[in-house]
>>> print(open('protein-v9.tsv').read())   # TSV, C-alpha atoms
chain	number	residue	atom	x	y	z
A	36	MET	CA	-4.17	-16.42	-40.90
A	37	LYS	CA	-3.49	-17.60	-37.35
A	38	ALA	CA	0.23	-16.89	-37.74
A	39	ILE	CA	-0.55	-13.33	-38.85
A	40	PHE	CA	-3.05	-12.33	-36.18
A	41	PHE	CA	-1.14	-14.03	-33.37
A	42	ASN	CA	1.95	-12.03	-34.35
A	43	ASP	CA	2.36	-9.20	-31.85
A	44	ARG	CA	4.62	-7.26	-34.21
A	45	PHE	CA	1.94	-7.24	-36.90
A	46	ILE	CA	-0.76	-6.13	-34.47
A	47	PHE	CA	1.51	-3.47	-33.00
A	48	SER	CA	2.22	-2.17	-36.52
A	49	LEU	CA	-1.51	-1.90	-37.16
A	50	ILE	CA	-1.95	0.02	-33.92
A	51	ALA	CA	0.88	2.40	-34.79
A	52	LEU	CA	-0.49	2.96	-38.31
A	53	ASN	CA	-4.01	3.49	-37.00
A	54	THR	CA	-2.70	6.00	-34.45
A	55	ALA	CA	-0.97	7.94	-37.22
A	56	ILE	CA	-4.15	7.93	-39.32
A	57	ILE	CA	-6.25	9.18	-36.40
A	58	PHE	CA	-3.68	11.93	-35.78
A	59	ILE	CA	-3.60	13.04	-39.41
A	60	SER	CA	-7.39	12.92	-39.64
A	61	GLY	CA	-7.54	15.64	-37.01
A	62	TYR	CA	-6.47	18.15	-39.66
A	63	HIS	CA	-8.87	19.61	-42.17
A	64	PHE	CA	-9.23	17.34	-45.18
A	65	THR	CA	-11.94	17.30	-47.82
A	66	GLY	CA	-12.94	15.19	-50.77
A	67	VAL	CA	-10.78	12.26	-51.79
A	68	ASP	CA	-8.14	12.79	-49.08
A	69	ARG	CA	-10.68	12.55	-46.28
A	70	PHE	CA	-12.30	9.47	-47.84
A	71	VAL	CA	-8.93	7.71	-48.14
A	72	LEU	CA	-8.16	8.37	-44.48
A	73	LEU	CA	-11.59	7.12	-43.40
A	74	LEU	CA	-11.22	4.05	-45.59
A	75	ALA	CA	-7.77	3.21	-44.17
A	76	ASP	CA	-9.00	3.72	-40.62
A	77	ASN	CA	-12.00	1.45	-41.08
A	78	VAL	CA	-9.99	-1.20	-42.92
A	79	ILE	CA	-7.73	-1.42	-39.89
A	80	THR	CA	-10.80	-1.58	-37.65
A	81	GLY	CA	-11.99	-4.49	-39.77
A	82	LEU	CA	-8.63	-6.21	-39.32
A	83	PHE	CA	-8.98	-5.81	-35.56
A	84	VAL	CA	-12.39	-7.48	-35.76
A	85	VAL	CA	-10.89	-10.34	-37.78
A	86	GLU	CA	-8.10	-10.68	-35.21
A	87	LEU	CA	-10.71	-10.93	-32.45
A	88	LEU	CA	-12.66	-13.63	-34.30
A	89	VAL	CA	-9.53	-15.63	-35.17
A	90	LYS	CA	-8.31	-15.66	-31.58
A	91	ILE	CA	-11.74	-16.62	-30.23
A	92	LYS	CA	-11.94	-19.43	-32.78
A	93	HIS	CA	-8.58	-20.93	-31.77
A	94	GLN	CA	-8.75	-20.24	-28.02
A	95	GLY	CA	-12.46	-20.43	-27.36
A	96	PHE	CA	-14.42	-17.52	-25.94
A	97	THR	CA	-13.73	-18.52	-22.33
A	98	GLY	CA	-10.06	-19.17	-23.00
A	99	TYR	CA	-9.75	-15.88	-24.85
A	100	LEU	CA	-11.19	-13.90	-21.96
A	101	LYS	CA	-8.81	-15.50	-19.43
A	102	SER	CA	-6.19	-12.95	-20.46
A	103	ASN	CA	-6.67	-9.42	-19.14
A	104	TRP	CA	-5.09	-8.04	-22.31
A	105	ASN	CA	-7.63	-9.95	-24.42
A	106	ARG	CA	-10.44	-8.51	-22.32
A	107	LEU	CA	-9.14	-5.02	-23.03
A	108	ASP	CA	-8.84	-5.80	-26.74
A	109	PHE	CA	-12.40	-7.13	-26.78
A	110	VAL	CA	-13.82	-3.97	-25.20
A	111	LEU	CA	-11.83	-1.66	-27.47
A	112	VAL	CA	-12.93	-3.51	-30.62
A	113	LEU	CA	-16.55	-3.26	-29.51
A	114	VAL	CA	-16.07	0.47	-28.91
A	115	SER	CA	-14.76	0.94	-32.46
A	116	LEU	CA	-17.63	-0.95	-34.14
A	117	PRO	CA	-20.11	1.98	-34.29
A	118	SER	CA	-17.71	4.00	-36.43
A	119	LEU	CA	-17.19	1.01	-38.73
A	120	VAL	CA	-20.94	0.48	-39.10
A	121	THR	CA	-21.59	4.13	-39.92
A	122	PHE	CA	-18.89	4.01	-42.60
A	123	VAL	CA	-19.94	0.73	-44.22
A	124	PHE	CA	-23.67	1.51	-44.33
A	125	ASP	CA	-23.18	5.26	-44.83
A	126	VAL	CA	-25.44	6.22	-41.97
A	127	THR	CA	-25.04	9.04	-39.49
A	128	ILE	CA	-25.74	8.40	-35.86
A	129	LEU	CA	-23.85	9.69	-32.85
A	130	ASP	CA	-20.39	11.07	-33.43
A	131	VAL	CA	-18.35	8.31	-31.78
A	132	SER	CA	-15.21	8.65	-33.86
A	133	PHE	CA	-13.26	9.90	-30.83
A	134	LEU	CA	-13.73	6.48	-29.22
A	135	LEU	CA	-11.30	5.03	-31.76
A	136	VAL	CA	-8.52	6.71	-29.84
A	137	PHE	CA	-9.10	4.32	-26.93
A	138	ARG	CA	-8.00	1.42	-29.12
A	139	VAL	CA	-4.49	2.89	-28.97
A	140	MET	CA	-4.44	1.58	-25.38
A	141	ARG	CA	-3.53	-1.77	-26.92
A	142	VAL	CA	-0.03	-0.30	-27.06
A	143	PHE	CA	0.13	-1.17	-23.36
A	144	LYS	CA	0.71	-4.78	-24.47
A	145	ALA	CA	4.33	-3.67	-24.71
A	146	PHE	CA	4.38	-3.70	-20.93
A	147	ARG	CA	4.60	-7.49	-21.14
A	148	PHE	CA	8.23	-6.98	-22.02
A	149	ILE	CA	8.81	-5.22	-18.72
A	150	LYS	CA	9.67	-8.56	-17.14
A	151	PHE	CA	12.95	-8.53	-19.08
A	152	ILE	CA	14.15	-5.45	-17.21
A	153	PRO	CA	17.00	-6.38	-14.82
A	154	ASN	CA	15.91	-6.61	-11.17
A	155	ILE	CA	12.30	-5.92	-12.15
A	156	ASN	CA	11.04	-8.03	-9.24
A	157	GLU	CA	12.90	-5.86	-6.74
A	158	LEU	CA	11.57	-2.73	-8.47
A	159	ILE	CA	7.97	-3.93	-8.31
A	160	ALA	CA	8.39	-4.99	-4.68
A	161	GLY	CA	9.78	-1.54	-3.87
A	162	LEU	CA	6.88	0.12	-5.64
A	163	GLN	CA	4.39	-1.97	-3.68
A	164	ARG	CA	6.06	-1.06	-0.40
A	165	ALA	CA	6.06	2.62	-1.36
A	166	LEU	CA	2.37	2.57	-2.23
A	167	LYS	CA	1.46	0.80	1.01
A	168	ALA	CA	3.54	3.21	3.06
A	169	SER	CA	2.16	6.29	1.30
A	170	VAL	CA	-1.52	5.45	0.97
A	171	PHE	CA	-2.66	6.88	4.31
A	172	VAL	CA	-0.46	9.97	3.94
A	173	LEU	CA	-1.87	10.47	0.44
A	174	ILE	CA	-5.44	10.12	1.70
A	175	GLY	CA	-4.70	12.69	4.40
A	176	PHE	CA	-3.15	15.06	1.87
A	177	VAL	CA	-6.12	14.75	-0.48
A	178	SER	CA	-8.45	15.44	2.44
A	179	TYR	CA	-6.42	18.53	3.29
A	180	ILE	CA	-6.71	19.78	-0.31
A	181	LEU	CA	-10.47	19.20	-0.15
A	182	ILE	CA	-10.84	21.14	3.11
A	183	ILE	CA	-8.66	24.06	1.99
A	184	GLY	CA	-10.36	24.11	-1.41
A	185	LEU	CA	-13.84	24.36	0.08
A	186	LEU	CA	-12.70	26.91	2.65
A	187	SER	CA	-11.12	29.04	-0.07
A	188	PHE	CA	-14.27	28.81	-2.17
A	189	TYR	CA	-16.47	30.19	0.59
A	190	ILE	CA	-13.96	32.92	1.45
A	191	PHE	CA	-13.08	34.14	-2.05
A	192	ARG	CA	-16.08	33.18	-4.20
A	193	SER	CA	-17.24	36.84	-4.31
A	194	SER	CA	-13.77	38.20	-5.04
A	195	GLY	CA	-14.49	38.70	-8.74
A	196	THR	CA	-11.93	36.20	-10.03
A	197	ASP	CA	-12.58	32.84	-11.65
A	198	TYR	CA	-10.14	30.93	-9.45
A	199	PHE	CA	-12.78	30.26	-6.78
A	200	SER	CA	-16.02	30.59	-8.71
A	201	THR	CA	-17.08	26.96	-8.05
A	202	PRO	CA	-15.96	24.32	-5.52
A	203	LEU	CA	-14.33	22.24	-8.27
A	204	ILE	CA	-12.41	25.20	-9.72
A	205	SER	CA	-11.40	26.16	-6.19
A	206	LEU	CA	-9.97	22.67	-5.60
A	207	TYR	CA	-8.02	22.95	-8.85
A	208	SER	CA	-6.70	26.39	-7.88
A	209	ILE	CA	-5.56	25.12	-4.48
A	210	PHE	CA	-3.88	22.16	-6.14
A	211	LYS	CA	-1.97	24.56	-8.41
A	212	ILE	CA	-0.88	26.52	-5.35
A	213	PHE	CA	0.30	23.32	-3.66
A	214	THR	CA	2.58	22.65	-6.62
A	215	VAL	CA	4.30	25.98	-5.82
A	216	GLU	CA	4.17	26.91	-9.48
A	217	GLY	CA	3.02	30.49	-10.06
A	218	TRP	CA	1.18	30.49	-6.74
A	219	PHE	CA	1.67	34.26	-6.33
A	220	GLU	CA	-0.54	35.06	-9.33
A	221	ILE	CA	-3.75	34.03	-7.56
A	222	PRO	CA	-3.44	36.22	-4.45
A	223	GLU	CA	-2.21	39.13	-6.60
A	224	GLN	CA	-5.47	39.04	-8.56
A	225	LEU	CA	-7.53	38.65	-5.40
A	226	ILE	CA	-6.17	41.85	-3.84
A	227	GLU	CA	-6.08	43.91	-7.02
A	228	TYR	CA	-9.13	45.94	-6.08
A	229	GLY	CA	-9.22	45.27	-2.35
A	230	THR	CA	-8.28	47.21	0.76
A	231	SER	CA	-4.98	46.98	2.61
A	232	ALA	CA	-6.59	44.88	5.34
A	233	LYS	CA	-7.90	42.45	2.75
A	234	ALA	CA	-4.44	42.32	1.15
A	235	PHE	CA	-2.82	41.50	4.49
A	236	PHE	CA	-5.30	38.72	5.23
A	237	THR	CA	-5.00	37.30	1.70
A	238	TYR	CA	-1.20	37.28	1.77
A	239	LEU	CA	-1.16	35.67	5.21
A	240	TYR	CA	-3.74	33.06	4.18
A	241	PHE	CA	-1.85	31.96	1.07
A	242	ILE	CA	1.52	31.97	2.84
A	243	ILE	CA	0.06	29.48	5.33
A	244	VAL	CA	-1.49	27.44	2.50
A	245	VAL	CA	1.78	27.27	0.56
A	246	LEU	CA	3.83	26.38	3.64
A	247	THR	CA	1.49	23.69	4.96
A	248	GLY	CA	0.39	22.19	1.67
A	249	GLY	CA	2.93	23.03	-0.98
A	250	ILE	CA	6.15	22.75	1.00
A	251	LEU	CA	5.42	20.56	4.02
A	252	GLY	CA	2.61	18.46	2.57
A	253	LEU	CA	4.09	17.52	-0.77
A	254	SER	CA	7.56	17.13	0.75
A	255	LEU	CA	6.18	14.70	3.34
A	256	VAL	CA	4.36	12.61	0.73
A	257	ASN	CA	7.40	12.54	-1.56
A	258	SER	CA	9.85	11.71	1.21
A	259	ILE	CA	7.77	8.80	2.51
A	260	PHE	CA	7.22	7.41	-0.97
A	261	VAL	CA	10.88	7.71	-2.01
A	262	ASP	CA	12.14	6.32	1.30
A	263	ALA	CA	9.90	3.27	1.04
A	264	MET	CA	10.77	2.88	-2.64
A	265	VAL	CA	14.53	2.78	-2.16
A	266	SER	CA	14.55	0.83	1.09
A	267	ASP	CA	15.43	-2.84	0.80
A	268	ASN	CA	13.12	-5.53	2.03
A	269	ASN	CA	15.52	-6.80	4.67
A	270	GLN	CA	13.08	-8.61	6.93
A	271	GLU	CA	14.33	-12.07	6.00
A	272	LEU	CA	17.94	-10.92	6.21
A	273	GLU	CA	17.36	-9.47	9.66
A	274	ILE	CA	15.89	-12.76	10.84
A	275	LYS	CA	18.92	-14.65	9.54
A	276	ILE	CA	21.26	-12.18	11.25
A	277	ASP	CA	19.40	-12.62	14.54
A	278	GLN	CA	19.70	-16.39	14.21
A	279	LEU	CA	23.39	-16.06	13.42
A	280	ASN	CA	23.96	-13.83	16.45
A	281	GLU	CA	22.16	-16.34	18.65
A	282	THR	CA	24.35	-19.15	17.33
A	283	VAL	CA	27.52	-17.12	17.88
A	284	ASN	CA	26.48	-16.31	21.44
A	285	LYS	CA	25.91	-19.99	22.16
A	286	LEU	CA	29.34	-20.85	20.78
A	287	LEU	CA	30.97	-18.12	22.85
A	288	THR	CA	29.20	-19.41	25.93
A	289	LYS	CA	30.48	-22.94	25.28
A	290	ILE	CA	34.00	-21.66	24.70
A	291	GLU	CA	33.97	-19.66	27.93
A	292	SER	CA	32.64	-22.67	29.82
A	293	GLY	CA	35.47	-24.79	28.38
A	294	HIS	CA	38.08	-22.28	29.52
A	295	GLU	CA	36.63	-22.19	33.02
A	296	THR	CA	36.66	-26.00	33.20
A	297	ARG	CA	40.33	-26.18	32.20
A	298	GLU	CA	41.31	-23.42	34.64
A	299	ASN	CA	39.43	-25.07	37.54
A	300	PRO	CA	40.03	-28.86	37.25
>>> encode(input="protein-v9.tsv", output="structure tokens")
Amino acid sequence: MKAIFFNDRFIFSLIALNTAIIFISGYHFTGVDRFVLLLADNVITGLFVVELLVKIKHQGFTGYLKSNWNRLDFVLVLVSLPSLVTFVFDVTILDVSFLLVFRVMRVFKAFRFIKFIPNINELIAGLQRALKASVFVLIGFVSYILIIGLLSFYIFRSSGTDYFSTPLISLYSIFKIFTVEGWFEIPEQLIEYGTSAKAFFTYLYFIIVVLTGGILGLSLVNSIFVDAMVSDNNQELEIKIDQLNETVNKLLTKIESGHETRENP
């Protein structure tokens, strides 16, 4: 039993099968077909519970929880238990069947194989540098979206459209405009029943928003992130080059001193 439940391929196969069952169960089934799907889903849930117990038995509860992946598995199995209980005892409580989908997150165990990617250490180091370099720019950009979103809400909330009906929807609308994807549709609806003065102000307002946020803002964030991502971490190399230059300068100084000594005996 240990060999089975410690086999990542077997567990991954169960996850894939369970995912397929959850997907198929989303369609309308009745009678025997629905019961078979529910039975298969809960049998797999039971196997996940057995896997949890087997691993805890062989590793100990403390040893089992030392792994972050095991912690995730533990939480996801607990989340799936209510559905199993309702099926086994044929009781109806809260509809928690959708929580079974979260168990599919175990697929992320495949990320353990990411270490076999060539130059993965350099890639991760580049990603860390990019995140560090971009974090303050990203915070500033998010703050700008928040300010423009709230401003747009108070300006256009009585315009009759749903794009700025609430602060949250207004933030989402501004974010769509910043992506420069169909941004013209929003101002067109805003001025549909307005005056020419209102149309002029609206066009001018959204031109400024698109230029500052969509073109300049996103371009700045992307450029900083990409530049930091592709740049090499040459700090150590630069130190070695400086040391080499210092050594070469010392040698040149000694050579010049030797020439002067020979020329002036």
>>> closest_residue(input="protein-v9.tsv", among="A:Gln94, A:Asn105, A:Ser178, A:Asn77", to="Lys37 of chain A", atoms="only C-alpha atoms")
A:Gln94
>>> closest_residue(input="protein-v9.tsv", among="A:Pro222, A:Gly248, A:Pro153, A:Pro202", to="Phe176 of chain A", atoms="only C-alpha atoms")
A:Gly248
>>> closest_residue(input="protein-v9.tsv", among="A:Leu73, A:Leu49, A:Leu111, A:Leu88", to="Val123 of chain A", atoms="only C-alpha atoms")
A:Leu73
>>> atom_distance(input="protein-v9.tsv", atom1="atom CA of Asp197 of chain A", atom2="atom CA of Leu225 of chain A")
9.9 Å
>>> closest_residue(input="protein-v9.tsv", among="A:Thr214, A:Ser187, A:Asn280, A:Asn103", to="Ile250 of chain A", atoms="all atoms listed in the file")
A:Thr214
>>> atom_distance(input="protein-v9.tsv", atom1="atom CA of Asn154 of chain A", atom2="atom CA of Phe260 of chain A")
19.4 Å
